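A.B. asks: One file: final_0.cif (mmCIF, C-alpha atoms).
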```
data_model
loop_
_atom_site.label_atom_id
_atom_site.label_comp_id
_atom_site.auth_asym_id
_atom_site.auth_seq_id
_atom_site.Cartn_x
_atom_site.Cartn_y
_atom_site.Cartn_z
CA MET I 1 -15.61 -37.71 -39.22
CA ALA I 2 -14.21 -34.71 -37.39
CA LYS I 3 -11.07 -35.15 -35.29
CA PHE I 4 -11.31 -34.00 -31.67
CA ILE I 5 -9.20 -30.91 -30.93
CA THR I 6 -7.34 -31.05 -27.61
CA LEU I 7 -7.49 -27.84 -25.59
CA HIS I 8 -4.70 -27.21 -23.06
CA PHE I 9 -6.68 -25.91 -20.12
CA ARG I 10 -3.76 -24.27 -18.34
CA ASN I 11 -3.48 -21.67 -21.09
CA LEU I 12 -6.92 -20.29 -20.26
CA PRO I 13 -7.85 -17.62 -17.70
CA ASN I 14 -9.59 -19.02 -14.63
CA ALA I 15 -13.16 -18.18 -15.60
CA ALA I 16 -12.83 -19.48 -19.19
CA HIS I 17 -11.23 -22.69 -17.94
CA TYR I 18 -13.96 -23.26 -15.37
CA ASN I 19 -16.82 -22.52 -17.78
CA TYR I 20 -15.40 -24.87 -20.40
CA CYS I 21 -15.10 -27.68 -17.84
CA LYS I 22 -18.75 -27.20 -16.92
CA ARG I 23 -19.64 -27.34 -20.62
CA VAL I 24 -17.79 -30.66 -21.03
CA SER I 25 -19.53 -32.03 -17.95
CA ALA I 26 -22.92 -31.08 -19.39
CA GLU I 27 -22.07 -32.80 -22.69
CA PHE I 28 -21.24 -35.99 -20.78
CA ALA I 29 -24.64 -35.89 -19.10
CA ASP I 30 -26.41 -35.63 -22.48
CA SER I 31 -24.28 -38.26 -24.24
CA PRO I 32 -25.76 -41.56 -25.49
CA GLY I 33 -25.17 -44.71 -23.48
CA ALA I 34 -22.66 -46.12 -25.97
CA LEU I 35 -20.30 -43.22 -25.40
CA ILE I 36 -20.69 -43.27 -21.62
CA GLN I 37 -20.08 -47.00 -21.60
CA ALA I 38 -16.89 -46.59 -23.64
CA LEU I 39 -15.56 -43.92 -21.26
CA GLY I 40 -16.29 -45.95 -18.12
CA GLN I 41 -15.59 -44.04 -14.88
CA LEU I 42 -13.73 -41.16 -16.56
CA PRO I 43 -16.72 -38.75 -16.69
CA ALA I 44 -17.34 -39.33 -12.96
CA GLU I 45 -13.64 -38.71 -12.24
CA PHE I 46 -13.76 -35.56 -14.39
CA ASN I 47 -16.75 -34.26 -12.40
CA THR I 48 -15.00 -35.02 -9.11
CA TRP I 49 -12.14 -32.72 -10.10
CA LEU I 50 -14.59 -30.17 -11.46
CA ALA I 51 -16.10 -30.04 -7.96
CA GLU I 52 -12.61 -29.33 -6.61
CA GLU I 53 -12.22 -26.52 -9.11
CA THR I 54 -15.52 -25.08 -7.92
CA LYS I 55 -13.98 -24.85 -4.44
CA GLN I 56 -10.93 -23.18 -5.97
CA MET I 57 -13.12 -20.58 -7.67
CA GLU I 58 -14.79 -19.80 -4.35
CA TRP I 59 -11.40 -19.43 -2.70
CA VAL I 60 -10.26 -17.07 -5.47
CA ARG I 61 -13.29 -14.89 -4.79
CA LYS I 62 -12.42 -14.87 -1.09
CA SER I 63 -8.78 -14.03 -1.89
CA ILE I 64 -9.89 -11.08 -4.01
CA LEU I 65 -11.93 -9.84 -1.06
CA THR I 66 -8.84 -10.14 1.15
CA GLU I 67 -6.92 -7.93 -1.28
CA GLN I 68 -9.75 -5.40 -1.23
CA ILE I 69 -9.66 -5.34 2.58
CA ARG I 70 -5.91 -4.76 2.48
CA GLU I 71 -6.35 -1.86 0.04
CA ALA I 72 -9.09 -0.32 2.21
CA ASP I 73 -6.81 -0.71 5.23
CA HIS I 74 -3.99 1.12 3.40
CA ARG I 75 -6.38 3.90 2.46
CA MET I 76 -7.53 4.24 6.07
CA ASP I 77 -3.91 4.26 7.34
CA HIS I 78 -3.03 7.03 4.88
CA ALA I 79 -6.01 9.08 5.95
CA LEU I 80 -4.95 8.76 9.60
CA THR I 81 -1.34 9.63 8.75
CA ALA I 82 -2.39 12.71 6.79
CA LEU I 83 -4.72 13.78 9.59
CA ARG I 84 -1.95 13.40 12.18
CA MET I 85 0.56 15.34 10.02
CA GLN I 86 -1.90 18.15 9.33
CA VAL I 87 -2.77 18.55 13.02
CA HIS I 88 0.85 18.32 14.17
CA ALA I 89 1.87 21.05 11.72
CA GLN I 90 -0.71 23.44 13.17
CA GLU I 91 0.61 23.00 16.70
CA TYR I 92 3.15 25.65 15.64
CA HIS I 93 0.54 28.03 14.25
CA PRO I 94 1.25 31.67 15.20
CA ARG I 95 -2.35 32.14 16.31
CA LYS I 96 -2.78 30.77 19.82
CA ALA I 97 -6.32 29.45 19.28
CA TYR I 98 -5.15 27.32 16.33
CA ALA I 99 -2.10 26.04 18.16
CA GLU I 100 -4.11 25.08 21.24
CA ALA I 101 -6.79 23.33 19.16
CA ALA I 102 -4.09 21.42 17.28
CA HIS I 103 -2.38 20.40 20.50
CA ARG I 104 -5.61 18.99 21.93
CA VAL I 105 -6.46 17.00 18.79
CA TYR I 106 -2.89 15.76 18.34
CA THR I 107 -2.76 14.53 21.94
CA MET I 108 -5.96 12.57 21.32
CA LEU I 109 -4.59 11.09 18.07
CA GLN I 110 -1.37 10.03 19.78
CA ASN I 111 -3.42 7.72 22.01
CA TYR I 112 -4.07 5.72 18.82
CA LYS I 113 -0.68 6.07 17.13
CA ASP I 114 -0.21 2.28 16.92
CA VAL I 115 -3.63 1.65 15.40
CA ASN I 116 -2.21 0.39 12.08
CA ARG I 117 -0.30 -2.39 13.88
CA LYS I 118 -3.37 -3.82 15.58
CA PRO I 119 -5.62 -6.67 14.35
CA TYR I 120 -8.38 -5.55 12.00
CA GLU I 121 -11.14 -5.76 14.61
CA GLU I 122 -9.22 -3.64 17.16
CA GLN I 123 -8.18 -1.20 14.44
CA GLU I 124 -11.82 -0.80 13.41
CA GLY I 125 -12.80 0.03 16.99
CA ASP I 126 -10.05 2.64 17.43
CA VAL I 127 -10.88 4.46 14.21
CA GLN I 128 -14.54 4.50 15.16
CA ILE I 129 -13.62 6.27 18.43
CA ILE I 130 -11.46 8.82 16.57
CA LEU I 131 -14.32 9.61 14.20
CA GLN I 132 -16.78 9.97 17.07
CA GLN I 133 -14.41 12.46 18.71
CA LEU I 134 -14.05 14.55 15.53
CA GLN I 135 -17.59 14.50 14.17
CA SER I 136 -20.55 16.65 15.15
CA GLY I 137 -21.23 16.23 18.85
CA GLY I 138 -17.78 14.83 19.52
CA ALA I 139 -15.35 16.21 22.10
CA TYR I 140 -13.01 17.63 19.43
CA TYR I 141 -15.54 18.69 16.77
CA ASN I 142 -15.00 22.43 17.36
CA ASP I 143 -11.22 21.98 17.29
CA ALA I 144 -11.48 20.02 14.04
CA SER I 145 -13.63 22.79 12.52
CA THR I 146 -11.12 25.45 13.63
CA LEU I 147 -8.28 23.53 12.00
CA GLY I 148 -10.21 22.91 8.76
CA LEU I 149 -10.02 19.13 9.01
CA GLY I 150 -13.31 18.49 7.22
CA ALA I 151 -11.83 16.98 4.04
CA LEU I 152 -9.47 14.65 5.90
CA ARG I 153 -12.19 13.67 8.37
CA ASN I 154 -14.50 12.82 5.45
CA GLU I 155 -11.78 10.74 3.80
CA LEU I 156 -11.19 8.86 7.04
CA GLN I 157 -14.95 8.24 7.34
CA ALA I 158 -15.21 6.99 3.75
CA SER I 159 -12.25 4.62 4.08
CA TYR I 160 -13.52 3.39 7.45
CA THR I 161 -16.99 2.69 6.03
CA LEU I 162 -15.53 0.72 3.11
CA PHE I 163 -13.23 -1.18 5.48
CA ARG I 164 -16.13 -2.21 7.72
CA GLU I 165 -18.29 -3.31 4.78
CA LEU I 166 -15.53 -5.52 3.40
CA LEU I 167 -14.84 -7.06 6.82
CA ALA I 168 -18.54 -7.89 7.14
CA GLN I 169 -18.51 -9.58 3.72
CA ARG I 170 -15.41 -11.55 4.68
CA ASP I 171 -16.99 -12.74 7.92
CA GLU I 172 -19.97 -14.09 5.98
CA LYS I 173 -17.66 -16.47 4.12
CA SER I 174 -16.56 -19.52 6.07
CA LEU I 175 -14.92 -21.49 3.26
CA LEU I 176 -11.57 -23.04 4.11
CA LYS I 177 -8.66 -22.86 1.71
CA PRO I 178 -8.59 -25.97 -0.54
CA GLU I 179 -5.77 -28.42 0.14
CA LYS I 180 -4.56 -28.48 -3.47
CA SER I 181 -3.44 -25.47 -5.47
CA PHE I 182 -5.22 -24.22 -8.58
CA LYS I 183 -2.31 -25.52 -10.67
CA GLU I 184 -2.58 -29.00 -9.17
CA VAL I 185 -6.34 -29.19 -9.73
CA ARG I 186 -5.95 -28.04 -13.33
CA ALA I 187 -3.29 -30.70 -13.92
CA GLU I 188 -5.61 -33.42 -12.61
CA ILE I 189 -8.50 -32.20 -14.78
CA GLU I 190 -6.26 -32.03 -17.84
CA ASN I 191 -4.97 -35.55 -17.21
CA VAL I 192 -8.51 -37.01 -17.10
CA TYR I 193 -9.57 -34.89 -20.06
CA HIS I 194 -6.76 -36.22 -22.26
CA LYS I 195 -7.71 -39.80 -21.38
CA ILE I 196 -11.27 -39.01 -22.46
CA THR I 197 -10.21 -37.38 -25.73
CA ALA I 198 -7.96 -40.31 -26.58
CA ILE I 199 -10.89 -42.73 -26.32
CA ILE I 200 -13.21 -40.43 -28.27
CA ASP I 201 -10.59 -39.82 -30.99
CA ALA I 202 -10.02 -43.56 -31.40
CA GLY I 203 -13.75 -44.28 -31.57
CA ALA I 204 -14.35 -41.46 -34.05
CA LEU I 205 -11.57 -42.61 -36.37
CA MET I 206 -12.95 -46.15 -36.40
CA ASN I 207 -16.55 -44.95 -36.92
CA ILE I 208 -17.71 -47.06 -33.96
CA SER I 209 -20.71 -44.89 -33.11
CA SER I 210 -22.34 -41.68 -34.24
CA ALA I 211 -22.27 -40.64 -30.57
CA TYR I 212 -18.57 -39.90 -30.88
CA GLY I 213 -19.07 -37.60 -33.85
CA THR I 214 -21.97 -35.81 -32.15
CA PHE I 215 -19.91 -35.20 -29.03
CA ILE I 216 -17.03 -33.87 -31.13
CA ASP I 217 -19.28 -31.64 -33.26
CA HIS I 218 -20.75 -30.08 -30.11
CA LEU I 219 -17.42 -29.30 -28.44
CA ASN I 220 -15.10 -28.38 -31.32
CA PRO I 221 -16.71 -24.94 -31.98
CA GLU I 222 -16.45 -24.10 -28.28
CA ILE I 223 -12.78 -25.08 -28.21
CA LYS I 224 -12.04 -22.92 -31.25
CA ARG I 225 -13.95 -19.98 -29.76
CA LEU I 226 -12.06 -20.20 -26.47
CA ASN I 227 -8.69 -20.47 -28.20
CA ASP I 228 -9.49 -17.44 -30.38
CA GLU I 229 -10.70 -15.54 -27.32
CA TYR I 230 -7.54 -16.35 -25.40
CA HIS I 231 -5.30 -15.10 -28.19
CA ARG I 232 -7.22 -11.80 -28.25
CA VAL I 233 -7.44 -11.34 -24.50
CA LYS I 234 -5.98 -8.25 -22.84
CA TYR I 235 -5.23 -7.98 -19.16
CA ASN I 236 -7.53 -5.65 -17.25
CA ILE I 237 -5.56 -2.98 -15.38
CA ALA I 238 -8.36 -2.98 -12.78
CA ASN I 239 -6.85 -6.24 -11.48
CA SER I 240 -3.42 -4.67 -10.94
CA GLU I 241 -1.94 -4.06 -7.49
CA PRO I 242 -0.51 -0.51 -7.23
CA GLU I 243 1.67 0.38 -4.28
CA PRO I 244 -0.08 2.79 -1.87
CA LEU I 245 0.65 6.43 -2.76
CA GLN I 246 2.36 8.37 0.01
CA PRO I 247 0.91 11.68 1.29
CA GLN I 248 2.10 14.63 -0.80
CA LEU I 249 3.11 18.07 0.51
CA TYR I 250 0.99 20.99 -0.67
CA THR I 251 2.82 23.29 -3.14
CA GLY I 252 -0.07 25.19 -4.75
CA LYS I 253 0.69 23.39 -8.03
CA PRO I 254 -0.66 20.11 -9.46
CA LEU I 255 0.96 17.09 -7.78
CA THR I 256 1.53 14.05 -9.99
CA PRO I 257 3.27 11.24 -8.06
CA SER I 258 4.39 8.59 -10.54
CA THR I 259 7.24 6.66 -8.91
CA PHE I 260 5.00 4.09 -7.20
CA LYS I 261 5.09 0.54 -8.58
CA VAL I 262 2.13 -1.07 -10.35
CA LEU I 263 2.25 -4.88 -10.03
CA TYR I 264 0.26 -7.45 -12.00
CA VAL I 265 -0.11 -11.20 -11.48
CA THR I 266 -0.21 -12.99 -14.86
CA PRO I 267 -1.08 -16.67 -15.41
CA ASN I 268 2.19 -17.43 -17.22
CA ASP I 269 4.83 -15.01 -15.90
CA GLY I 270 3.78 -14.61 -12.27
CA THR I 271 3.99 -11.14 -10.68
CA ILE I 272 5.51 -8.50 -12.96
CA THR I 273 6.14 -4.76 -12.54
CA LEU I 274 4.35 -2.75 -15.22
CA GLU I 275 6.13 0.09 -17.05
CA LEU I 276 4.74 3.63 -17.12
CA GLY I 277 4.25 4.72 -20.74
CA LYS I 278 4.40 1.17 -22.08
CA ASP I 279 1.78 -0.69 -20.02
CA TYR I 280 -0.14 2.23 -18.52
CA ASN I 281 -0.52 6.00 -18.34
CA LEU I 282 -1.63 8.19 -15.42
CA THR I 283 -4.16 11.00 -15.05
CA PHE I 284 -4.91 13.02 -11.91
CA LYS I 285 -7.91 14.77 -10.38
CA ASP I 286 -8.29 17.20 -7.45
CA ASN I 287 -4.51 17.17 -7.09
CA ILE I 288 -3.78 20.80 -6.11
CA GLU I 289 -5.55 21.67 -2.87
CA VAL I 290 -5.11 20.05 0.56
CA GLY I 291 -7.28 16.97 0.95
CA ASN I 292 -8.02 13.85 -1.03
CA ALA I 293 -6.73 13.50 -4.61
CA GLU I 294 -7.21 10.82 -7.27
CA CYS I 295 -4.75 9.07 -9.57
CA THR I 296 -6.23 6.95 -12.38
CA ILE I 297 -4.15 4.20 -14.02
CA HIS I 298 -5.14 3.67 -17.68
CA GLY I 299 -4.16 0.39 -19.34
CA LYS I 300 -2.04 0.53 -22.49
CA GLY I 301 -0.62 -2.03 -24.92
CA ALA I 302 -1.42 -5.50 -23.51
CA TYR I 303 -3.54 -3.90 -20.75
CA GLU I 304 -6.98 -2.35 -20.92
CA GLY I 305 -9.41 -0.66 -18.56
CA LYS I 306 -8.53 1.64 -15.67
CA LYS I 307 -8.09 1.71 -11.91
CA THR I 308 -8.34 4.72 -9.59
CA VAL I 309 -6.33 5.07 -6.39
CA THR I 310 -6.27 7.92 -3.90
CA PHE I 311 -3.64 9.93 -2.08
CA VAL I 312 -3.77 12.89 0.28
CA ILE I 313 -2.25 16.34 0.02
CA VAL I 314 -1.14 17.91 3.32
CA ARG I 315 0.49 21.15 4.33
CA ALA I 316 4.17 21.13 5.24
CA LEU I 317 5.16 21.21 8.92
#
```
Any chance you could put this one into structure tokens?

C.D. replies:
Amino acid sequence: MAKFITLHFRNLPNAAHYNYCKRVSAEFADSPGALIQALGQLPAEFNTWLAEETKQMEWVRKSILTEQIREADHRMDHALTALRMQVHAQEYHPRKAYAEAAHRVYTMLQNYKDVNRKPYEEQEGDVQIILQQLQSGGAYYNDASTLGLGALRNELQASYTLFRELLAQRDEKSLLKPEKSFKEVRAEIENVYHKITAIIDAGALMNISSAYGTFIDHLNPEIKRLNDEYHRVKYNIANSEPEPLQPQLYTGKPLTPSTFKVLYVTPNDGTITLELGKDYNLTFKDNIEVGNAECTIHGKGAYEGKKTVTFVIVRAL
């Protein structure tokens, strides 16, 4: 009779670990009475911890949303900074009409110079007012048109829209952070799981019941598949955390900022700094003219996929 293969859960990515636990739980539910009787309360204990892991998975989803909100906030801050720099530079324009328009817009923007230090809800309200002032029908629309602020205004609008959408999604979630950490929950699940496998292994070796062999035959292929999958897995660069790119000064030539850090949280090594050329390469788009530009991070080596971040190009003061 087949010997049960023990899978160390903590080696698996979150989703694979969670899905395998659900598979084990389903096998318990379909097992004959002889096997359930031999295991006693262990299946119920296993399912109790599986419910805790379900809460952990929900919290992970909420945490990912928090990171997305932070990224949208950075993007909005950069758009405001670039807008302020562009307007301030034109206060010294030799043509009086440009200088006066710039002075009016810059004075308005200075009323919201501390917007990035405010709570998200207050920040959202301030940016909405700025956009209303600069868009069609707003008090400074003609000045914005004179100064050619269309691209920066559109970038601010896009980042603001994304920011609001993510805040709305966050507010729909009311889950509290679980008391235990993911690591602690996994350890508890693994502890119960090993008790279960010890009983099943002993029963299978002694040929007590065909139920043991059936349970083993159902789960062994899944364990092998998950182990093989884990050994082949590559990290997706889309889950990396690049530092925000600073505004770049217009030169008339392609701008390719590459000194920013790209961080990645791995299950075994914690947060690491990826190396350009070894772990990823960069490509750029729309990176010559004043306005919004794109930088795409392409995974390499142990990393796959891509992630696009934005930066702004502004004219020098």

A.B. asks: Just checking: using only C-alpha atoms, which residue out of I:Lys300, I:His218, I:Arg117, I:Arg95 ends up closest to Arg23 of chain I?

C.D. replies: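 Of all the options, I:His218 lies closest to Arg23 of chain I.
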
A.B. asks: Could you tell me which residues the PyMOL selection byres ((chain I and resi 35) around 9) returns for this structure, as number ranges by chain?

C.D. replies: I: 28, 31-34, 36-40, 200, 209, 211-212, 215

A.B. asks: Next, dump the selected residues to file, keeping only C-alpha atoms, as a PDB file, in the frame of the given file.

C.D. replies:
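Result saved to result-v8.pdb:
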```pdb
ATOM      1  CA  PHE I  28     -21.240 -35.990 -20.780  1.00  0.00           C
ATOM      2  CA  SER I  31     -24.280 -38.260 -24.240  1.00  0.00           C
ATOM      3  CA  PRO I  32     -25.760 -41.560 -25.490  1.00  0.00           C
ATOM      4  CA  GLY I  33     -25.170 -44.710 -23.480  1.00  0.00           C
ATOM      5  CA  ALA I  34     -22.660 -46.120 -25.970  1.00  0.00           C
ATOM      6  CA  ILE I  36     -20.690 -43.270 -21.620  1.00  0.00           C
ATOM      7  CA  GLN I  37     -20.080 -47.000 -21.600  1.00  0.00           C
ATOM      8  CA  ALA I  38     -16.890 -46.590 -23.640  1.00  0.00           C
ATOM      9  CA  LEU I  39     -15.560 -43.920 -21.260  1.00  0.00           C
ATOM     10  CA  GLY I  40     -16.290 -45.950 -18.120  1.00  0.00           C
ATOM     11  CA  ILE I 200     -13.210 -40.430 -28.270  1.00  0.00           C
ATOM     12  CA  SER I 209     -20.710 -44.890 -33.110  1.00  0.00           C
ATOM     13  CA  ALA I 211     -22.270 -40.640 -30.570  1.00  0.00           C
ATOM     14  CA  TYR I 212     -18.570 -39.900 -30.880  1.00  0.00           C
ATOM     15  CA  PHE I 215     -19.910 -35.200 -29.030  1.00  0.00           C
TER      16      PHE I 215
END
```

A.B. asks: Find the distance between atom CA of Thr273 of chain I and atom CA of Lys261 of chain I and write it in Å to one decimal.

C.D. replies: 6.7 Å

A.B. asks: What separation in Å, quoted to one decimal, exists between atom CA of Tyr141 of chain I and atom CA of Ala79 of chain I?

C.D. replies: 17.3 Å

A.B. asks: Using all atoms listed in the file, which residue out of I:Ala316, I:Ala89, I:Ser240, I:Val115 lies closest to Ile272 of chain I?

C.D. replies: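 That would be I:Ser240, the residue with the smallest distance to Ile272 of chain I.
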
A.B. asks: Could you tell me which residues the PyMOL selection byres ((chain I and resi 50-55) around 8) grabs in this file, written as a PDB file with C-alpha atoms, keeping the file's coordinate frame?

C.D. replies:
```pdb
ATOM      1  CA  TYR I  18     -13.960 -23.260 -15.370  1.00  0.00           C
ATOM      2  CA  CYS I  21     -15.100 -27.680 -17.840  1.00  0.00           C
ATOM      3  CA  LYS I  22     -18.750 -27.200 -16.920  1.00  0.00           C
ATOM      4  CA  PHE I  46     -13.760 -35.560 -14.390  1.00  0.00           C
ATOM      5  CA  ASN I  47     -16.750 -34.260 -12.400  1.00  0.00           C
ATOM      6  CA  THR I  48     -15.000 -35.020  -9.110  1.00  0.00           C
ATOM      7  CA  TRP I  49     -12.140 -32.720 -10.100  1.00  0.00           C
ATOM      8  CA  GLN I  56     -10.930 -23.180  -5.970  1.00  0.00           C
ATOM      9  CA  MET I  57     -13.120 -20.580  -7.670  1.00  0.00           C
ATOM     10  CA  GLU I  58     -14.790 -19.800  -4.350  1.00  0.00           C
ATOM     11  CA  TRP I  59     -11.400 -19.430  -2.700  1.00  0.00           C
ATOM     12  CA  PRO I 178      -8.590 -25.970  -0.540  1.00  0.00           C
ATOM     13  CA  PHE I 182      -5.220 -24.220  -8.580  1.00  0.00           C
ATOM     14  CA  VAL I 185      -6.340 -29.190  -9.730  1.00  0.00           C
ATOM     15  CA  ARG I 186      -5.950 -28.040 -13.330  1.00  0.00           C
ATOM     16  CA  ILE I 189      -8.500 -32.200 -14.780  1.00  0.00           C
TER      17      ILE I 189
END
```

A.B. asks: Where does the PyMOL selection byres ((chain I and resi 78) around 10) land in this file, that is, which residues does it pick, as JSON, numbers by chain?

C.D. replies: {"I": [72, 73, 74, 75, 76, 77, 79, 80, 81, 82, 83, 84, 116, 155, 156, 159, 244, 245, 246, 247, 310, 311, 312]}

A.B. asks: Just to be explicit: take each residue in the selection above, keep C-alpha atoms, and write the result as an mmCIF file, keeping the file's coordinate frame.

C.D. replies:
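Produced file result_0.cif, reproduced below:
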```cif
data_model
loop_
_atom_site.group_PDB
_atom_site.id
_atom_site.type_symbol
_atom_site.label_atom_id
_atom_site.label_comp_id
_atom_site.auth_asym_id
_atom_site.auth_seq_id
_atom_site.Cartn_x
_atom_site.Cartn_y
_atom_site.Cartn_z
ATOM 1 C CA ALA I 72 -9.090 -0.320 2.210
ATOM 2 C CA ASP I 73 -6.810 -0.710 5.230
ATOM 3 C CA HIS I 74 -3.990 1.120 3.400
ATOM 4 C CA ARG I 75 -6.380 3.900 2.460
ATOM 5 C CA MET I 76 -7.530 4.240 6.070
ATOM 6 C CA ASP I 77 -3.910 4.260 7.340
ATOM 7 C CA ALA I 79 -6.010 9.080 5.950
ATOM 8 C CA LEU I 80 -4.950 8.760 9.600
ATOM 9 C CA THR I 81 -1.340 9.630 8.750
ATOM 10 C CA ALA I 82 -2.390 12.710 6.790
ATOM 11 C CA LEU I 83 -4.720 13.780 9.590
ATOM 12 C CA ARG I 84 -1.950 13.400 12.180
ATOM 13 C CA ASN I 116 -2.210 0.390 12.080
ATOM 14 C CA GLU I 155 -11.780 10.740 3.800
ATOM 15 C CA LEU I 156 -11.190 8.860 7.040
ATOM 16 C CA SER I 159 -12.250 4.620 4.080
ATOM 17 C CA PRO I 244 -0.080 2.790 -1.870
ATOM 18 C CA LEU I 245 0.650 6.430 -2.760
ATOM 19 C CA GLN I 246 2.360 8.370 0.010
ATOM 20 C CA PRO I 247 0.910 11.680 1.290
ATOM 21 C CA THR I 310 -6.270 7.920 -3.900
ATOM 22 C CA PHE I 311 -3.640 9.930 -2.080
ATOM 23 C CA VAL I 312 -3.770 12.890 0.280
#
```

A.B. asks: So, with all atoms listed in the file as the atoms that count, which of I:Thr146, I:Gln132, I:Gln41, I:Ser181 lies closest to His93 of chain I?

C.D. replies: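 Counting all atoms listed in the file, the residue closest to His93 of chain I is I:Thr146.
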
A.B. asks: If you measure from atom CA of His88 of chain I to atom CA of Ala102 of chain I, what distance in Å do you get, rounded to one decimal?

C.D. replies: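 Computed distance, atom CA of His88 of chain I to atom CA of Ala102 of chain I, equals 6.6 Å.
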
A.B. asks: Compare I:His298, I:Ile69, I:Gln90, I:Gln248 by their minimum atom-to-atom distance to Gly148 of chain I, counting only C-alpha atoms, and give me the closest one.

C.D. replies: I:Gln90

A.B. asks: Could you check which of I:Lys224, I:Thr66, I:Leu147, I:His17 is closest to Glu100 of chain I, using all atoms listed in the file?

C.D. replies: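 The shortest atom-to-atom distance to Glu100 of chain I comes from I:Leu147.
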
A.B. asks: Which residues, written as a list in words, have at least one atom at most 8 Å from segment 193-195 of chain I, with only C-alpha atoms counted and residues fewer than 3 positions away on the same chain left out?

C.D. replies: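 The neighbour list is Thr6, Leu42, Phe46, Ile189, Glu190, Ala198 and Ile199 of chain I.
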
A.B. asks: Using all atoms listed in the file, find the one residue out of I:Gly203, I:Tyr140, I:Glu121, I:Lys306 that sits nearest to Ala168 of chain I.

C.D. replies: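 Of all the options, I:Glu121 lies closest to Ala168 of chain I.
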
A.B. asks: What lies within 9 Å of segment 292-296 of chain I using only C-alpha atoms, ignoring chain neighbours under 2 positions off, as a list in words?

C.D. replies: Ala79, Ala151, Leu152, Glu155, Thr256, Pro257, Asn281, Leu282, Thr283, Phe284, Lys285, Asp286, Asn287, Ile288, Glu289, Val290, His298, Lys306, Lys307, Thr308, Val309, Thr310, Phe311, Val312 and Ile313 of chain I

A.B. asks: Generate a file of the selected residues that holds C-alpha atoms, formatted as a PDB file, keeping the file's coordinate frame.

C.D. replies:
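Okay, again.pdb is ready:
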```
ATOM      1  CA  ALA I  79      -6.010   9.080   5.950  1.00  0.00           C
ATOM      2  CA  ALA I 151     -11.830  16.980   4.040  1.00  0.00           C
ATOM      3  CA  LEU I 152      -9.470  14.650   5.900  1.00  0.00           C
ATOM      4  CA  GLU I 155     -11.780  10.740   3.800  1.00  0.00           C
ATOM      5  CA  THR I 256       1.530  14.050  -9.990  1.00  0.00           C
ATOM      6  CA  PRO I 257       3.270  11.240  -8.060  1.00  0.00           C
ATOM      7  CA  ASN I 281      -0.520   6.000 -18.340  1.00  0.00           C
ATOM      8  CA  LEU I 282      -1.630   8.190 -15.420  1.00  0.00           C
ATOM      9  CA  THR I 283      -4.160  11.000 -15.050  1.00  0.00           C
ATOM     10  CA  PHE I 284      -4.910  13.020 -11.910  1.00  0.00           C
ATOM     11  CA  LYS I 285      -7.910  14.770 -10.380  1.00  0.00           C
ATOM     12  CA  ASP I 286      -8.290  17.200  -7.450  1.00  0.00           C
ATOM     13  CA  ASN I 287      -4.510  17.170  -7.090  1.00  0.00           C
ATOM     14  CA  ILE I 288      -3.780  20.800  -6.110  1.00  0.00           C
ATOM     15  CA  GLU I 289      -5.550  21.670  -2.870  1.00  0.00           C
ATOM     16  CA  VAL I 290      -5.110  20.050   0.560  1.00  0.00           C
ATOM     17  CA  HIS I 298      -5.140   3.670 -17.680  1.00  0.00           C
ATOM     18  CA  LYS I 306      -8.530   1.640 -15.670  1.00  0.00           C
ATOM     19  CA  LYS I 307      -8.090   1.710 -11.910  1.00  0.00           C
ATOM     20  CA  THR I 308      -8.340   4.720  -9.590  1.00  0.00           C
ATOM     21  CA  VAL I 309      -6.330   5.070  -6.390  1.00  0.00           C
ATOM     22  CA  THR I 310      -6.270   7.920  -3.900  1.00  0.00           C
ATOM     23  CA  PHE I 311      -3.640   9.930  -2.080  1.00  0.00           C
ATOM     24  CA  VAL I 312      -3.770  12.890   0.280  1.00  0.00           C
ATOM     25  CA  ILE I 313      -2.250  16.340   0.020  1.00  0.00           C
TER      26      ILE I 313
END
```

A.B. asks: Leaving out Gln128 of chain I and any residue of its chain fewer than 5 positions from it, which residues lie within 9 Å of it when counting only C-alpha atoms, given as a ChimeraX atom specification?

C.D. replies: /I:123,133,157,160

A.B. asks: Please fill the gaps in segment 289-293 of chain I so it has N, CA, C and O atoms, and write that as a PDB file, in the frame of the given file.

C.D. replies:
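Output saved as part-v5.pdb:
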```pdb
ATOM      1  N   GLU I 289      -5.239  21.201  -4.216  1.00  0.00           N
ATOM      2  CA  GLU I 289      -5.550  21.670  -2.870  1.00  0.00           C
ATOM      3  C   GLU I 289      -5.362  20.573  -1.821  1.00  0.00           C
ATOM      4  O   GLU I 289      -5.341  19.381  -2.145  1.00  0.00           O
ATOM      5  N   VAL I 290      -5.229  21.000  -0.553  1.00  0.00           N
ATOM      6  CA  VAL I 290      -5.110  20.050   0.560  1.00  0.00           C
ATOM      7  C   VAL I 290      -6.355  19.179   0.641  1.00  0.00           C
ATOM      8  O   VAL I 290      -7.472  19.667   0.484  1.00  0.00           O
ATOM      9  N   GLY I 291      -6.167  17.901   0.858  1.00  0.00           N
ATOM     10  CA  GLY I 291      -7.280  16.970   0.950  1.00  0.00           C
ATOM     11  C   GLY I 291      -7.042  15.724   0.118  1.00  0.00           C
ATOM     12  O   GLY I 291      -5.900  15.362  -0.176  1.00  0.00           O
ATOM     13  N   ASN I 292      -8.120  15.100  -0.282  1.00  0.00           N
ATOM     14  CA  ASN I 292      -8.020  13.850  -1.030  1.00  0.00           C
ATOM     15  C   ASN I 292      -7.874  14.096  -2.518  1.00  0.00           C
ATOM     16  O   ASN I 292      -8.568  14.944  -3.095  1.00  0.00           O
ATOM     17  N   ALA I 293      -6.955  13.376  -3.168  1.00  0.00           N
ATOM     18  CA  ALA I 293      -6.730  13.500  -4.610  1.00  0.00           C
ATOM     19  C   ALA I 293      -6.835  12.119  -5.244  1.00  0.00           C
ATOM     20  O   ALA I 293      -6.718  11.091  -4.578  1.00  0.00           O
TER      21      ALA I 293
END
```
